[in-house]
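Visitor: Structure below; questions to follow.
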Amino acid sequence: MGTLRATGFCALLTALLATSAFAQQAQTRQGFWIGGGMGYGSLGLGCDGCGSVDREGGLSGYAKLGGTLRQNILLGVEFNGWTKSEGTGRVTMGNMSGAAYWYPIPAQGLFIKAGAGYADLSVDDGISTSSDGGFGLLGGLGYDVRVGKNLSITPVANWFRGAFSGGSANVLQFGVGVTSH
C-alpha cells in the first residue's frame, strides 16, 4: 500500500505543479545548469534461466549537470540510482549517462531526454557482495516549473536500463527535484 501512496503523491504533486505552470516565470536557459531529486522507482529484472521475477519498488534518485547548447537543447551527464533493503540484504542499481535534453517549445518547461552510458547492478546479501556492469540507456521526460529567475521545481519520469552478462535490469522512476539554470 505504501507504493500506491508514494505513486499517488508524486502524481498529485506533478498535476499541481503543471497546473501552476501558467503563473511561472519566463523560461530561459543559458550556461551551466545543475539539478537533482528523489522519488520512487520500480526495478525489473530479466536473466537467463531465472524465470519470472516480479518488479520491486524502492527509493530512487537522480543528479544531473551540464551546459546549454541552445535555448531548447541542453547537453550533460545524468546519474540515476535505485535501492531497496530487505532484512540484511540490499539491491542497488545505478546508471551514469551522457544525456541530451530537448525542449520542444523553448518558452515552456516541458523536456524530453535521452542518453547512453554505463550501468551497474549490485546485490549484497549481508554476507557477500556481487556486482556487474554494462551498457546503460536513459530516457525520460519532465517539466521545469519556474519558482525563481534561475530555479525550477522539476517533476520527472525516467526509465533507465542496464545490460549485464546473462541478463538485464531496468528502473521506471518517478521523482521531483530542483534544477538551477
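In the C-alpha cells, each chain is lettered A, B, ... as it comes, each chain's residues begin at 1, and ligands are numbered from 1 in order of appearance.
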Quick check for you: according to DSSP on this backbone, which residues of stretch 2-158 of chain A are classed as helix (DSSP H, G or I)? Reply as a list in words.

Guide: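 Matching residues, listed in order: Gly2, Thr3, Leu4, Arg5, Ala6, Thr7, Gly8, Phe9, Cys10, Ala11, Leu12, Leu13, Thr14, Ala15, Leu16, Leu17, Ala18, Thr19, Ala21, Phe22 and Ala23 of chain A.
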
Visitor: Just write the chosen residues, N, CA and C atoms, as a PDB file, in the first residue's frame.

Guide:
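Wrote part-v1.pdb, looks like this:
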```
ATOM      1  N   GLY A   2       2.096   1.176   0.587  1.00  0.00           N
ATOM      2  CA  GLY A   2       2.994   2.325   0.626  1.00  0.00           C
ATOM      3  C   GLY A   2       3.402   2.761  -0.771  1.00  0.00           C
ATOM      4  N   THR A   3       3.604   1.805  -1.665  1.00  0.00           N
ATOM      5  CA  THR A   3       3.959   2.111  -3.048  1.00  0.00           C
ATOM      6  C   THR A   3       2.852   2.886  -3.734  1.00  0.00           C
ATOM      7  N   LEU A   4       1.618   2.483  -3.497  1.00  0.00           N
ATOM      8  CA  LEU A   4       0.472   3.162  -4.086  1.00  0.00           C
ATOM      9  C   LEU A   4       0.385   4.596  -3.577  1.00  0.00           C
ATOM     10  N   ARG A   5       0.613   4.790  -2.288  1.00  0.00           N
ATOM     11  CA  ARG A   5       0.580   6.143  -1.716  1.00  0.00           C
ATOM     12  C   ARG A   5       1.676   7.013  -2.303  1.00  0.00           C
ATOM     13  N   ALA A   6       2.897   6.479  -2.420  1.00  0.00           N
ATOM     14  CA  ALA A   6       4.025   7.255  -2.962  1.00  0.00           C
ATOM     15  C   ALA A   6       3.758   7.639  -4.409  1.00  0.00           C
ATOM     16  N   THR A   7       3.252   6.699  -5.200  1.00  0.00           N
ATOM     17  CA  THR A   7       2.954   6.986  -6.602  1.00  0.00           C
ATOM     18  C   THR A   7       1.831   8.013  -6.707  1.00  0.00           C
ATOM     19  N   GLY A   8       0.800   7.875  -5.895  1.00  0.00           N
ATOM     20  CA  GLY A   8      -0.301   8.838  -5.898  1.00  0.00           C
ATOM     21  C   GLY A   8       0.162  10.221  -5.491  1.00  0.00           C
ATOM     22  N   PHE A   9       1.045  10.306  -4.484  1.00  0.00           N
ATOM     23  CA  PHE A   9       1.572  11.596  -4.040  1.00  0.00           C
ATOM     24  C   PHE A   9       2.363  12.263  -5.163  1.00  0.00           C
ATOM     25  N   CYS A  10       3.235  11.495  -5.846  1.00  0.00           N
ATOM     26  CA  CYS A  10       4.026  12.050  -6.954  1.00  0.00           C
ATOM     27  C   CYS A  10       3.110  12.526  -8.090  1.00  0.00           C
ATOM     28  N   ALA A  11       2.076  11.759  -8.406  1.00  0.00           N
ATOM     29  CA  ALA A  11       1.150  12.147  -9.471  1.00  0.00           C
ATOM     30  C   ALA A  11       0.394  13.415  -9.098  1.00  0.00           C
ATOM     31  N   LEU A  12      -0.059  13.514  -7.846  1.00  0.00           N
ATOM     32  CA  LEU A  12      -0.763  14.705  -7.386  1.00  0.00           C
ATOM     33  C   LEU A  12       0.149  15.928  -7.413  1.00  0.00           C
ATOM     34  N   LEU A  13       1.372  15.778  -6.939  1.00  0.00           N
ATOM     35  CA  LEU A  13       2.323  16.889  -6.938  1.00  0.00           C
ATOM     36  C   LEU A  13       2.628  17.340  -8.357  1.00  0.00           C
ATOM     37  N   THR A  14       2.805  16.410  -9.266  1.00  0.00           N
ATOM     38  CA  THR A  14       3.063  16.749 -10.668  1.00  0.00           C
ATOM     39  C   THR A  14       1.884  17.508 -11.260  1.00  0.00           C
ATOM     40  N   ALA A  15       0.665  17.047 -10.997  1.00  0.00           N
ATOM     41  CA  ALA A  15      -0.525  17.732 -11.522  1.00  0.00           C
ATOM     42  C   ALA A  15      -0.640  19.148 -10.961  1.00  0.00           C
ATOM     43  N   LEU A  16      -0.389  19.307  -9.668  1.00  0.00           N
ATOM     44  CA  LEU A  16      -0.457  20.636  -9.063  1.00  0.00           C
ATOM     45  C   LEU A  16       0.588  21.575  -9.642  1.00  0.00           C
ATOM     46  N   LEU A  17       1.798  21.061  -9.816  1.00  0.00           N
ATOM     47  CA  LEU A  17       2.857  21.895 -10.367  1.00  0.00           C
ATOM     48  C   LEU A  17       2.593  22.241 -11.827  1.00  0.00           C
ATOM     49  N   ALA A  18       2.094  21.291 -12.587  1.00  0.00           N
ATOM     50  CA  ALA A  18       1.822  21.542 -14.007  1.00  0.00           C
ATOM     51  C   ALA A  18       0.694  22.554 -14.187  1.00  0.00           C
ATOM     52  N   THR A  19      -0.319  22.517 -13.325  1.00  0.00           N
ATOM     53  CA  THR A  19      -1.422  23.471 -13.468  1.00  0.00           C
ATOM     54  C   THR A  19      -1.010  24.875 -13.073  1.00  0.00           C
ATOM     55  N   ALA A  21       1.757  26.102 -13.997  1.00  0.00           N
ATOM     56  CA  ALA A  21       2.761  26.481 -14.992  1.00  0.00           C
ATOM     57  C   ALA A  21       2.462  27.830 -15.636  1.00  0.00           C
ATOM     58  N   PHE A  22       1.187  28.186 -15.787  1.00  0.00           N
ATOM     59  CA  PHE A  22       0.850  29.458 -16.419  1.00  0.00           C
ATOM     60  C   PHE A  22       1.348  30.640 -15.594  1.00  0.00           C
ATOM     61  N   ALA A  23       1.533  30.456 -14.293  1.00  0.00           N
ATOM     62  CA  ALA A  23       1.960  31.557 -13.422  1.00  0.00           C
ATOM     63  C   ALA A  23       3.477  31.611 -13.254  1.00  0.00           C
TER      64      ALA A  23
END
```

Visitor: If you run DSSP on this backbone, which residues of chain A come out as strand (DSSP E), and could you give them as a PyMOL selection string?

Guide: chain A and resi 32-47+56-70+73-86+89-102+110-124+129-143+145-146+151-164+167-180

Visitor: Give the answer as one residue: which of A:Gly115, A:Gly167, A:Gly44, A:Gly142 has the shortest atom-to-atom distance to A:Thr92, using only C-alpha atoms?

Guide: A:Gly44

Visitor: What's the 9 Å shell around stretch 125-136 of chain A, counting only C-alpha atoms, without same-chain residues fewer than 2 positions away, as a list in words?

Guide: Gly87, Thr88, Gly89, Arg90, Val91, Asn95, Met96, Ser97, Gly115, Ala116, Gly117, Tyr118, Ala119, Asp120, Leu121, Ser122, Val123, Leu138, Phe160, Arg161, Gly162, Ala163, Phe164 and Ser165 of chain A

Visitor: Hey, can you check how far atom CA of A:Ala63 sits from atom CA of A:Phe79?

Guide: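 Those two atoms sit 5.2 Å apart.
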
Visitor: Would you mind listing what lies within 10 Å of A:Ile105 as a PDB file with C-alpha atoms, in the first residue's frame, with only C-alpha atoms counted and same-chain residues fewer than 5 positions away left out?

Guide:
```pdb
ATOM      1  CA  GLN A  27      11.722  30.008 -19.264  1.00  0.00           C
ATOM      2  CA  GLN A  71      17.658  27.614 -25.698  1.00  0.00           C
ATOM      3  CA  ASN A  72      15.970  24.296 -26.496  1.00  0.00           C
ATOM      4  CA  LEU A 110       8.479  20.508 -20.965  1.00  0.00           C
ATOM      5  CA  PHE A 111      11.564  18.476 -21.904  1.00  0.00           C
TER       6      PHE A 111
END
```

Visitor: Do you have the atom CA of A:Gly46-atom CA of A:Asn170 distance handy?

Guide: 8.8 Å

Visitor: Please, what distance in Å, to one decimal, runs between atom CA of A:Gly58 and atom CA of A:Ser85?

Guide: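 Separation of atom CA of A:Gly58 and atom CA of A:Ser85: 8.2 Å.
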
Visitor: Which residue gives the smallest distance to A:Leu172 among A:Arg55, A:Arg70, A:Lys84, A:Lys64, with only C-alpha atoms counted?

Guide: A:Arg55

Visitor: Which is closest to A:Tyr40 among A:Leu65, A:Ala169, A:Leu141, A:Ala157, if we use only C-alpha atoms?

Guide: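 Closest to A:Tyr40 of all the choices is A:Ala157.
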